[in-house]
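run.cif, holding mmCIF, C-alpha atoms:
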```cif
data_work
loop_
_atom_site.label_atom_id
_atom_site.label_comp_id
_atom_site.auth_asym_id
_atom_site.auth_seq_id
_atom_site.Cartn_x
_atom_site.Cartn_y
_atom_site.Cartn_z
CA MET R 187 15.19 13.62 -4.36
CA ALA R 188 16.46 10.48 -2.57
CA ARG R 189 18.34 10.98 0.69
CA HIS R 190 20.22 7.69 0.35
CA ARG R 191 21.27 5.67 -2.68
CA ILE R 192 21.78 1.96 -2.19
CA LEU R 193 23.35 -0.51 -4.59
CA ILE R 194 22.35 -4.19 -4.52
CA VAL R 195 24.80 -6.53 -6.24
CA GLU R 196 23.19 -9.97 -6.40
CA ASP R 197 22.77 -12.47 -9.22
CA SER R 198 19.53 -14.00 -7.92
CA PRO R 199 16.44 -12.01 -9.00
CA THR R 200 14.55 -13.56 -6.08
CA MET R 201 17.07 -12.23 -3.57
CA ARG R 202 17.26 -8.86 -5.29
CA GLN R 203 13.49 -8.50 -5.08
CA LEU R 204 13.47 -9.48 -1.42
CA LEU R 205 16.25 -6.99 -0.62
CA VAL R 206 14.46 -4.22 -2.53
CA PHE R 207 11.30 -5.11 -0.63
CA ALA R 208 13.15 -4.80 2.68
CA LEU R 209 15.07 -1.61 1.89
CA LYS R 210 12.08 0.22 0.47
CA ARG R 211 10.92 0.63 4.05
CA LEU R 212 13.69 3.19 4.48
CA LYS R 213 12.44 6.66 3.73
CA GLU R 214 13.68 8.62 0.71
CA VAL R 215 15.85 5.86 -0.64
CA GLU R 216 16.82 5.06 -4.21
CA ILE R 217 17.80 1.47 -4.91
CA VAL R 218 19.89 0.42 -7.89
CA GLU R 219 20.35 -3.25 -8.81
CA ALA R 220 23.34 -4.98 -10.38
CA GLN R 221 23.24 -8.63 -11.43
CA ASP R 222 26.92 -9.53 -11.03
CA GLY R 223 30.21 -8.19 -9.72
CA MET R 224 31.24 -6.52 -12.98
CA ASP R 225 27.87 -4.80 -13.34
CA GLY R 226 28.21 -3.68 -9.72
CA LEU R 227 31.71 -2.30 -10.31
CA ARG R 228 30.52 -0.32 -13.31
CA LYS R 229 27.66 1.20 -11.35
CA VAL R 230 29.64 1.97 -8.22
CA SER R 231 32.42 3.60 -10.29
CA SER R 232 30.09 5.87 -12.23
CA ASP R 233 27.72 6.94 -9.51
CA HIS R 234 27.62 7.82 -5.83
CA PHE R 235 26.13 5.30 -3.37
CA ASP R 236 25.68 5.56 0.40
CA LEU R 237 25.58 1.79 0.90
CA ALA R 238 26.22 -1.40 -1.05
CA LEU R 239 24.84 -4.89 -0.42
CA ILE R 240 27.00 -7.48 -2.11
CA ASP R 241 26.54 -11.22 -2.60
CA ILE R 242 29.68 -13.38 -2.58
CA ASN R 243 28.92 -16.14 -5.08
CA MET R 244 28.20 -14.45 -8.39
CA PRO R 245 29.09 -15.05 -12.02
CA VAL R 246 31.59 -12.89 -13.98
CA MET R 247 33.08 -11.34 -10.82
CA ASP R 248 32.49 -12.59 -7.30
CA GLY R 249 31.65 -10.39 -4.34
CA LEU R 250 35.04 -10.63 -2.62
CA LYS R 251 36.84 -9.41 -5.74
CA LEU R 252 34.35 -6.56 -6.04
CA ILE R 253 34.88 -5.54 -2.39
CA SER R 254 38.68 -5.51 -2.79
CA LEU R 255 38.37 -3.34 -5.92
CA ILE R 256 35.97 -0.95 -4.20
CA ARG R 257 38.26 -0.58 -1.19
CA GLY R 258 41.17 0.12 -3.56
CA GLU R 259 39.45 3.29 -4.75
CA ASP R 260 40.07 6.36 -2.58
CA ASN R 261 36.60 7.80 -3.09
CA LEU R 262 34.87 4.49 -2.27
CA ARG R 263 36.92 3.53 0.79
CA SER R 264 34.35 4.86 3.25
CA MET R 265 31.23 3.50 1.54
CA PRO R 266 29.58 0.96 3.90
CA ILE R 267 29.32 -2.58 2.51
CA ILE R 268 27.02 -5.37 3.69
CA VAL R 269 27.88 -8.87 2.54
CA ILE R 270 24.94 -11.23 2.04
CA THR R 271 25.94 -14.81 1.46
CA THR R 272 25.19 -18.50 1.95
CA GLU R 273 28.73 -19.00 3.32
CA GLY R 274 28.40 -19.27 7.07
CA ALA R 275 31.92 -20.40 8.00
CA ASN R 276 33.94 -18.12 10.28
CA GLU R 277 36.88 -17.98 7.88
CA ASP R 278 34.57 -16.68 5.10
CA ARG R 279 33.28 -14.01 7.45
CA GLU R 280 36.76 -12.99 8.56
CA ARG R 281 37.99 -12.87 4.99
CA ALA R 282 35.14 -10.61 3.87
CA LEU R 283 35.57 -8.31 6.88
CA ALA R 284 39.33 -8.19 6.34
CA LEU R 285 38.77 -7.09 2.74
CA GLY R 286 36.70 -4.17 3.98
CA ALA R 287 33.10 -5.34 4.41
CA ASN R 288 31.32 -3.63 7.31
CA GLU R 289 28.71 -6.31 8.01
CA TYR R 290 28.33 -9.97 7.12
CA LEU R 291 24.84 -11.47 6.90
CA THR R 292 24.20 -15.10 6.08
CA LYS R 293 21.27 -16.54 4.13
CA PRO R 294 18.46 -17.26 4.57
CA ILE R 295 18.06 -13.59 5.36
CA GLN R 296 15.29 -11.84 7.22
CA ALA R 297 14.09 -8.60 5.72
CA ASN R 298 13.98 -6.80 9.08
CA ARG R 299 17.57 -7.80 9.89
CA VAL R 300 18.82 -6.35 6.61
CA LEU R 301 16.78 -3.23 7.26
CA ARG R 302 18.21 -2.74 10.76
CA VAL R 303 21.81 -3.22 9.64
CA ALA R 304 21.31 -0.89 6.65
CA GLN R 305 19.76 1.74 8.90
CA SER R 306 22.60 1.61 11.41
CA LEU R 307 25.26 1.91 8.70
CA LEU R 308 23.47 4.80 7.00
CA LYS R 309 23.16 6.61 10.34
CA ALA R 310 26.82 6.02 11.17
CA GLU R 311 27.95 7.31 7.80
CA MET A 210 -16.98 74.11 126.07
CA ALA A 211 -15.26 70.98 127.03
CA GLU A 212 -18.24 69.01 125.96
CA ARG A 213 -18.25 70.80 122.66
CA ARG A 214 -14.59 70.04 122.19
CA GLU A 215 -15.14 66.40 123.03
CA GLY A 216 -18.04 66.36 120.58
CA LEU A 217 -15.77 67.81 117.91
CA PHE A 218 -13.01 65.29 118.58
CA GLY A 219 -15.56 62.54 118.55
CA ARG A 220 -16.83 63.62 115.19
CA ALA A 221 -13.31 64.01 113.83
CA GLU A 222 -12.58 60.48 114.96
CA GLU A 223 -15.64 59.32 113.18
CA VAL A 224 -14.65 61.12 110.04
CA LEU A 225 -11.14 59.73 110.26
CA SER A 226 -12.51 56.31 110.90
CA LEU A 227 -14.76 56.75 107.91
CA PHE A 228 -11.79 57.75 105.74
CA ARG A 229 -9.79 54.82 107.04
CA ARG A 230 -12.62 52.45 106.21
CA GLY A 231 -12.96 54.17 102.82
CA ALA A 232 -9.20 53.70 102.24
CA GLU A 233 -9.40 50.07 103.31
CA PHE A 234 -12.40 49.54 101.09
CA THR A 235 -10.58 51.19 98.21
CA GLN A 236 -7.58 48.93 98.86
CA GLU A 237 -9.84 45.93 98.87
CA LEU A 238 -11.50 47.11 95.66
CA LEU A 239 -8.11 47.54 93.99
CA LYS A 240 -7.03 44.08 95.12
CA GLU A 241 -10.30 42.58 93.89
CA ASN A 242 -9.92 44.45 90.63
CA GLU A 243 -6.40 43.11 90.27
CA ARG A 244 -7.57 39.58 91.08
CA LEU A 245 -10.41 39.83 88.54
CA ARG A 246 -8.13 41.29 85.92
CA ARG A 247 -5.77 38.34 86.39
CA GLN A 248 -8.65 35.97 86.24
CA VAL A 249 -9.85 37.52 82.98
CA LEU A 250 -6.36 37.21 81.56
CA ASP A 251 -6.25 33.58 82.62
CA TYR A 252 -9.58 32.92 81.01
CA GLN A 253 -8.51 34.72 77.88
CA SER A 254 -5.27 32.76 77.61
CA GLN A 255 -7.13 29.51 78.30
CA GLN A 256 -9.72 30.36 75.70
CA LEU A 257 -7.01 31.25 73.19
CA ALA A 258 -5.17 28.04 73.93
CA ALA A 259 -8.40 26.09 73.57
CA SER A 260 -9.21 27.71 70.19
CA SER A 261 -5.59 27.17 68.86
CA SER A 262 -5.70 23.52 69.78
CA THR A 263 -8.96 23.06 67.85
CA GLU A 264 -7.48 24.71 64.77
CA TRP A 265 -4.35 22.57 64.94
CA GLU A 266 -6.46 19.50 65.28
CA LYS A 267 -8.57 20.57 62.33
CA LEU A 268 -5.45 21.31 60.31
CA ARG A 269 -3.96 17.99 61.31
CA GLN A 270 -7.14 16.22 60.23
CA ASP A 271 -7.12 18.10 56.90
CA LEU A 272 -3.51 17.18 56.30
CA LEU A 273 -4.15 13.54 57.16
CA THR A 274 -7.08 13.49 54.76
CA ARG A 275 -4.88 15.06 52.07
CA ILE A 276 -2.13 12.54 52.75
CA HIS A 277 -4.62 9.68 52.42
CA SER A 278 -5.94 11.19 49.23
CA LEU A 279 -2.41 11.62 47.80
CA GLU A 280 -1.52 8.08 48.83
CA GLY A 281 -4.62 6.87 47.03
CA GLU A 282 -3.66 8.88 43.95
CA ARG A 283 -0.12 7.53 44.15
CA ASP A 284 -1.47 3.95 44.32
CA ASP A 285 -3.73 4.67 41.35
CA MET A 286 -0.75 6.12 39.47
CA LEU A 287 1.40 3.10 40.30
CA GLU A 288 -1.38 0.78 39.18
CA ARG A 289 -1.79 2.77 35.96
CA LEU A 290 1.98 2.70 35.46
CA ARG A 291 1.95 -1.08 35.89
CA GLN A 292 -0.91 -1.30 33.41
CA ILE A 293 0.93 0.92 30.91
CA GLU A 294 4.10 -1.11 31.34
CA GLY A 295 2.07 -4.25 30.72
CA GLU A 296 0.50 -2.66 27.64
CA ASN A 297 3.95 -1.53 26.46
CA GLN A 298 5.26 -5.05 26.85
CA HIS A 299 2.24 -6.36 24.98
CA PHE A 300 2.72 -3.81 22.18
CA ALA A 301 6.45 -4.61 21.96
CA GLU A 302 5.67 -8.32 21.66
CA ARG A 303 2.93 -7.60 19.14
CA TYR A 304 5.30 -5.36 17.17
CA LEU A 305 7.83 -8.19 16.98
CA GLU A 306 5.11 -10.61 15.91
CA ILE A 307 3.90 -8.20 13.21
CA GLU A 308 7.46 -7.61 12.07
CA GLU A 309 7.97 -11.37 11.85
CA GLU A 310 4.72 -11.76 9.94
CA ASN A 311 5.75 -8.91 7.65
CA ASN A 312 9.06 -10.64 6.95
CA ASN A 313 7.31 -13.90 6.27
CA LEU A 314 4.80 -12.25 3.98
CA ALA A 315 7.63 -10.47 2.13
CA SER A 316 9.39 -13.79 1.55
CA LEU A 317 6.18 -15.52 0.49
CA TYR A 318 5.23 -12.65 -1.79
CA VAL A 319 8.63 -12.62 -3.46
CA ALA A 320 8.61 -16.42 -3.87
CA SER A 321 5.11 -16.39 -5.32
CA PHE A 322 5.85 -13.41 -7.59
CA GLN A 323 9.01 -14.98 -8.95
CA LEU A 324 7.41 -18.39 -9.55
CA HIS A 325 4.71 -16.86 -11.71
CA SER A 326 6.96 -14.39 -13.50
CA THR A 327 7.86 -16.72 -16.36
CA LEU A 328 6.46 -19.49 -18.56
CA ASP A 329 9.87 -20.96 -19.34
CA LEU A 330 10.31 -24.32 -17.60
CA SER A 331 14.05 -23.97 -17.06
CA GLU A 332 13.53 -20.49 -15.56
CA VAL A 333 10.80 -21.81 -13.28
CA VAL A 334 13.12 -24.58 -12.08
CA GLN A 335 15.92 -22.02 -11.56
CA ILE A 336 13.57 -19.84 -9.49
CA VAL A 337 12.63 -22.85 -7.36
CA VAL A 338 16.36 -23.48 -6.82
CA GLU A 339 16.86 -19.83 -5.78
CA ILE A 340 13.94 -19.95 -3.36
CA VAL A 341 15.19 -23.16 -1.75
CA ILE A 342 18.72 -21.74 -1.35
CA ASN A 343 17.98 -18.16 -0.42
CA LEU A 344 14.69 -18.29 1.44
CA ILE A 345 14.80 -21.75 3.00
CA GLY A 346 18.58 -22.06 3.38
CA ALA A 347 19.22 -25.51 1.89
CA GLU A 348 22.72 -26.53 0.90
CA VAL A 349 22.08 -29.90 -0.79
CA PHE A 350 18.84 -30.61 -2.60
CA ALA A 351 17.29 -31.81 -5.85
CA ILE A 352 14.19 -30.96 -7.84
CA TYR A 353 12.33 -33.85 -9.43
CA ILE A 354 9.82 -33.66 -12.29
CA LEU A 355 7.38 -36.50 -12.96
CA ASP A 356 7.14 -38.08 -16.39
CA GLU A 357 3.42 -38.84 -16.50
CA ARG A 358 3.81 -41.50 -19.19
CA THR A 359 6.38 -43.59 -17.34
CA GLY A 360 5.49 -42.59 -13.78
CA VAL A 361 9.15 -41.87 -13.02
CA LEU A 362 10.36 -38.88 -11.00
CA SER A 363 13.63 -37.66 -12.47
CA PRO A 364 15.98 -35.06 -10.95
CA VAL A 365 16.16 -32.02 -13.25
CA ALA A 366 18.14 -29.60 -11.08
CA SER A 367 20.23 -29.79 -7.95
CA GLU A 368 22.47 -27.81 -5.63
CA GLY A 369 25.38 -28.93 -3.51
CA ARG A 370 25.84 -32.13 -5.58
CA PRO A 371 25.65 -32.95 -9.30
CA VAL A 372 22.23 -33.98 -10.60
CA SER A 373 23.64 -37.40 -11.40
CA ASP A 374 24.13 -38.05 -7.68
CA PHE A 375 20.37 -38.12 -7.22
CA ALA A 376 18.59 -41.25 -8.39
CA ALA A 377 15.32 -41.25 -10.27
CA CYS A 378 12.47 -42.98 -8.50
CA GLU A 379 9.07 -44.37 -9.31
CA LEU A 380 5.88 -42.69 -8.18
CA GLY A 381 4.72 -44.28 -4.93
CA LYS A 382 8.09 -45.88 -4.18
CA GLY A 383 10.76 -44.65 -1.79
CA LEU A 384 10.45 -41.55 0.38
CA VAL A 385 10.24 -39.12 -2.54
CA GLY A 386 7.89 -41.30 -4.64
CA ALA A 387 5.59 -41.92 -1.67
CA SER A 388 5.50 -38.24 -0.75
CA VAL A 389 4.50 -37.23 -4.29
CA ALA A 390 1.91 -40.03 -4.49
CA THR A 391 0.25 -39.10 -1.20
CA GLY A 392 0.76 -35.35 -1.49
CA GLU A 393 2.11 -35.16 2.04
CA THR A 394 5.25 -33.19 2.88
CA GLN A 395 7.75 -35.40 4.65
CA CYS A 396 9.76 -33.47 7.23
CA GLY A 397 12.45 -35.23 9.24
CA ASP A 398 15.21 -34.20 11.63
CA ALA A 399 17.00 -31.16 10.22
CA SER A 400 20.17 -31.97 12.18
CA ALA A 401 20.43 -35.56 10.88
CA PRO A 402 23.62 -36.33 8.92
CA GLU A 403 23.38 -36.01 5.17
CA ASP A 404 22.08 -39.14 3.45
CA PRO A 405 21.99 -39.04 -0.39
CA THR A 406 19.27 -41.70 -0.46
CA SER A 407 17.02 -40.19 2.18
CA PRO A 408 16.16 -36.48 2.21
CA ILE A 409 15.35 -34.65 5.46
CA VAL A 410 12.47 -32.90 3.72
CA CYS A 411 10.44 -33.90 0.68
CA VAL A 412 7.92 -31.40 -0.66
CA PRO A 413 5.56 -32.90 -3.22
CA LEU A 414 4.58 -30.61 -6.11
CA ARG A 415 0.96 -31.16 -7.06
CA VAL A 416 -1.74 -29.27 -8.95
CA GLN A 417 -4.89 -30.26 -7.12
CA GLU A 418 -4.59 -34.09 -7.16
CA ARG A 419 -2.24 -34.22 -10.11
CA PRO A 420 1.40 -35.05 -9.17
CA ILE A 421 3.97 -32.83 -10.88
CA GLY A 422 7.27 -33.42 -9.08
CA ALA A 423 9.09 -32.92 -5.79
CA ILE A 424 11.75 -30.97 -3.96
CA ALA A 425 14.01 -33.18 -1.84
CA ILE A 426 16.26 -31.37 0.65
CA HIS A 427 19.21 -33.40 1.96
CA LYS A 428 21.17 -30.82 3.94
CA LEU A 429 20.69 -27.31 5.31
CA LEU A 430 23.26 -24.51 5.33
CA GLN A 431 25.56 -24.78 8.34
CA GLN A 432 24.21 -21.60 9.94
CA LYS A 433 20.64 -22.93 9.83
CA ASP A 434 19.69 -24.96 12.91
CA GLY A 435 16.25 -26.19 11.95
CA PHE A 436 13.00 -25.36 10.23
CA THR A 437 11.03 -22.26 11.13
CA ALA A 438 7.36 -21.46 10.72
CA LEU A 439 8.29 -19.55 7.55
CA ASP A 440 9.99 -22.65 6.13
CA HIS A 441 6.78 -24.64 6.54
CA GLU A 442 4.84 -21.80 4.88
CA LEU A 443 7.33 -21.86 2.03
CA PHE A 444 6.98 -25.66 1.72
CA THR A 445 3.21 -25.20 1.38
CA LEU A 446 3.65 -22.35 -1.09
CA LEU A 447 6.14 -24.34 -3.18
CA ALA A 448 3.94 -27.44 -3.10
CA GLY A 449 1.15 -25.49 -4.79
CA HIS A 450 2.69 -22.56 -6.64
CA ALA A 451 5.84 -24.24 -7.93
CA ALA A 452 3.69 -27.12 -9.20
CA THR A 453 1.34 -24.67 -10.95
CA ALA A 454 4.29 -22.77 -12.43
CA VAL A 455 5.90 -26.00 -13.70
CA PHE A 456 2.57 -27.23 -15.06
CA ALA A 457 1.84 -23.91 -16.80
CA ALA A 458 5.36 -23.74 -18.26
CA ARG A 459 5.05 -27.28 -19.62
CA LEU A 460 1.63 -26.57 -21.11
CA TYR A 461 2.93 -23.35 -22.63
CA SER A 462 5.92 -25.16 -24.08
CA GLN A 463 3.69 -27.89 -25.55
CA SER A 464 1.24 -25.38 -26.99
CA GLU A 465 4.12 -23.36 -28.46
CA ARG A 466 5.48 -26.51 -30.10
CA LYS A 467 2.05 -27.42 -31.44
CA LEU A 468 1.47 -23.89 -32.64
CA ASN A 469 4.81 -23.89 -34.45
CA THR A 470 3.97 -27.23 -36.05
CA ILE A 471 0.55 -26.03 -37.17
CA GLN A 472 2.03 -22.75 -38.38
CA GLY A 473 4.68 -24.66 -40.33
CA PHE A 474 2.00 -26.88 -41.82
CA ILE A 475 -0.12 -23.86 -42.80
CA ASP A 476 2.91 -22.14 -44.30
CA LEU A 477 3.64 -25.30 -46.30
CA LEU A 478 0.09 -25.43 -47.60
CA THR A 479 -0.20 -21.75 -48.45
CA LYS A 480 3.17 -21.36 -50.20
#
```
Translate the structure described by the file into structure tokens.
Amino acid sequence: MARHRILIVEDSPTMRQLLVFALKRLKEVEIVEAQDGMDGLRKVSSDHFDLALIDINMPVMDGLKLISLIRGEDNLRSMPIIVITTEGANEDRERALALGANEYLTKPIQANRVLRVAQSLLKAE
Amino acid sequence: MAERREGLFGRAEEVLSLFRRGAEFTQELLKENERLRRQVLDYQSQQLAASSSTEWEKLRQDLLTRIHSLEGERDDMLERLRQIEGENQHFAERYLEIEEENNNLASLYVASFQLHSTLDLSEVVQIVVEIVINLIGAEVFAIYILDERTGVLSPVASEGRPVSDFAACELGKGLVGASVATGETQCGDASAPEDPTSPIVCVPLRVQERPIGAIAIHKLLQQKDGFTALDHELFTLLAGHAATAVFAARLYSQSERKLNTIQGFIDLLTK
């Protein structure tokens, strides 16, 4: 049985595969993928996750909207969230963190950086 | 009688004298004995002192030898510690290098896997767009496909600007056309201001010597300072694998069309 369950909400299959590749190095982890914000919301509402990685620019529902909805739920308020985005401006970072994201990583991402941040958030949980 | 008495007195004197001499002799013997006894004690104490001094010296020498030996061991230990620290540093650097290589390989694997995961041309182009955004970190770029009949490279997808902002160009002309014709990746200054007519990077897409198209990057994401070793690896990968994927998708599309035409013709004949 998996020790940690991680949700990846990202519309790009290339990015999803890279993130799965990086996070699989964590031991006893189960990774679930969602291809847009709405899909992510459905999955996070119906199942327990120890960590969520969320892209900002996505179709149907963007990442910021998803984060605000997640933080509005009592049972999801403490779930760590990592934002992964192309938006590198400080105001984008501050906005995401103000909405409740725990970490903000900009693309192009490095697999080991994602791994380290995920590890630290899972340990701190 | 008187003579006899005198003789007796004389003999008594002799005896007394003898006793006195005996007493004196005894006194002398006692004194000599005392002197010798003291001398023996002196010799004994001197001998003891002499033997103690030798032992101390021996002990001192042993301790000095031990100290030298321990100092030698300590120096060896310090040298070994320095060696181990050096090895640790080497291993830490090597670990970082391997981690970097692992990251690069992960990105290259994912890019390669995705490029060959479909035979649909539009999906292949979309995957190239995703790779250029997510793995290279480009903000403004266009993907060109060559029309082999006309020799014109036309933009088929773009990011950061509409496709119409990017002009078509002839093979061999302009930076993009020349890059595709020669097969050489053109890589300029990543920090140069955006110029819609002149990309900072042009990656020609070719299958062996056959030109297929190009990726022209005009601007990088603001958080990206310049090109890394991985970027150059990705340029090389895209130059070959994206071209193969585009070529295969086009062939598949053509063969599908031909197959449908033939199938339609057969259906027409057999009905």
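Checking R:Gln305, R:Thr292, R:Ser254, R:Asn298 one by one against Leu204 of chain R, counting all atoms listed in the file, you find the shortest gap at R:Asn298.
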request  = Give me the result of the PyMOL selection byres ((chain R) within 9 of (chain A)) on this file, residue by residue, as a PyMOL selection string.
outcome  = chain R and resi 198-201+203-204+207-208+271-275+292-298
task = Report as a VMD selection string the residues that result from applying the PyMOL selection byres ((chain R and resi 238) around 7) to the structure here.
result = chain R and resid 192 to 194 237 239 to 240 266 to 268
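With atom CA of Thr391 of chain A on one side and atom CA of Pro413 of chain A on the other, the separation reads 8.4 Å.
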query = Near Asp398 of chain A, within 9 Å and counting only C-alpha atoms, which residues show up once chain neighbours fewer than 4 positions away are dropped, as a PyMOL selection string?
reply = chain A and resi 409-410+435
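Going from atom CA of Leu262 of chain R to atom CA of Leu205 of chain R covers 21.9 Å.
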note = The distance between atom CA of Thr470 of chain A and atom CA of Phe456 of chain A is 21.0 Å
ask   = When the PyMOL selection byres ((chain R and resi 215-223) around 8) is applied to the file above, which residues end up in the set, as a VMD selection string?
value = chain R and resid 188 to 199 202 206 209 to 210 212 to 214 224 to 227 229 244 to 249 251 to 252
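Remark: for Met265 of chain R, the closest of the candidate residues R:Ser232, R:Ser306, R:Asn288, R:Asn243 is R:Asn288 (distances computed over all atoms listed in the file).
In this comparison, which uses all atoms listed in the file, the residue of A:Phe234, A:Gly392, A:Ile293, A:Val365 approaching Val333 of chain A most closely is A:Val365.
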ask   = Using only C-alpha atoms, which residues sit within 9 Å of Ala282 of chain R once same-chain residues fewer than 3 positions away are excluded, as a PyMOL selection string?
value = chain R and resi 242+249-250+253+269+277-279+285-290
With C-alpha atoms retained, write the just-selected residues as a short mmCIF file (atom, residue, chain, number, x, y, z; two decimals), in the frame of the given file.
```
data_model
loop_
_atom_site.label_atom_id
_atom_site.label_comp_id
_atom_site.auth_asym_id
_atom_site.auth_seq_id
_atom_site.Cartn_x
_atom_site.Cartn_y
_atom_site.Cartn_z
CA ILE R 242 29.68 -13.38 -2.58
CA GLY R 249 31.65 -10.39 -4.34
CA LEU R 250 35.04 -10.63 -2.62
CA ILE R 253 34.88 -5.54 -2.39
CA VAL R 269 27.88 -8.87 2.54
CA GLU R 277 36.88 -17.98 7.88
CA ASP R 278 34.57 -16.68 5.10
CA ARG R 279 33.28 -14.01 7.45
CA LEU R 285 38.77 -7.09 2.74
CA GLY R 286 36.70 -4.17 3.98
CA ALA R 287 33.10 -5.34 4.41
CA ASN R 288 31.32 -3.63 7.31
CA GLU R 289 28.71 -6.31 8.01
CA TYR R 290 28.33 -9.97 7.12
#
```
Selection near Tyr461 of chain A, 7 Å with all atoms listed in the file, sequence-local residues under 4 positions removed, as a JSON list (two decimals) with C-alpha atoms, keeping the file's coordinate frame:
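Heads up, here's the output in out_31.json:
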```json
[["chain", "number", "residue", "atom", "x", "y", "z"],
["A", 328, "LEU", "CA", 6.46, -19.49, -18.56],
["A", 457, "ALA", "CA", 1.84, -23.91, -16.80],
["A", 465, "GLU", "CA", 4.12, -23.36, -28.46]]
```
Which centre and edge lengths in Å to one decimal define the box along x, y and z that fits every listed atom of segment 216-233 of chain A plus 5 Å per side, as JSON?
```
{"center_x": -13.6, "center_y": 58.9, "center_z": 111.4, "size_x": 18.8, "size_y": 27.7, "size_z": 28.3}
```
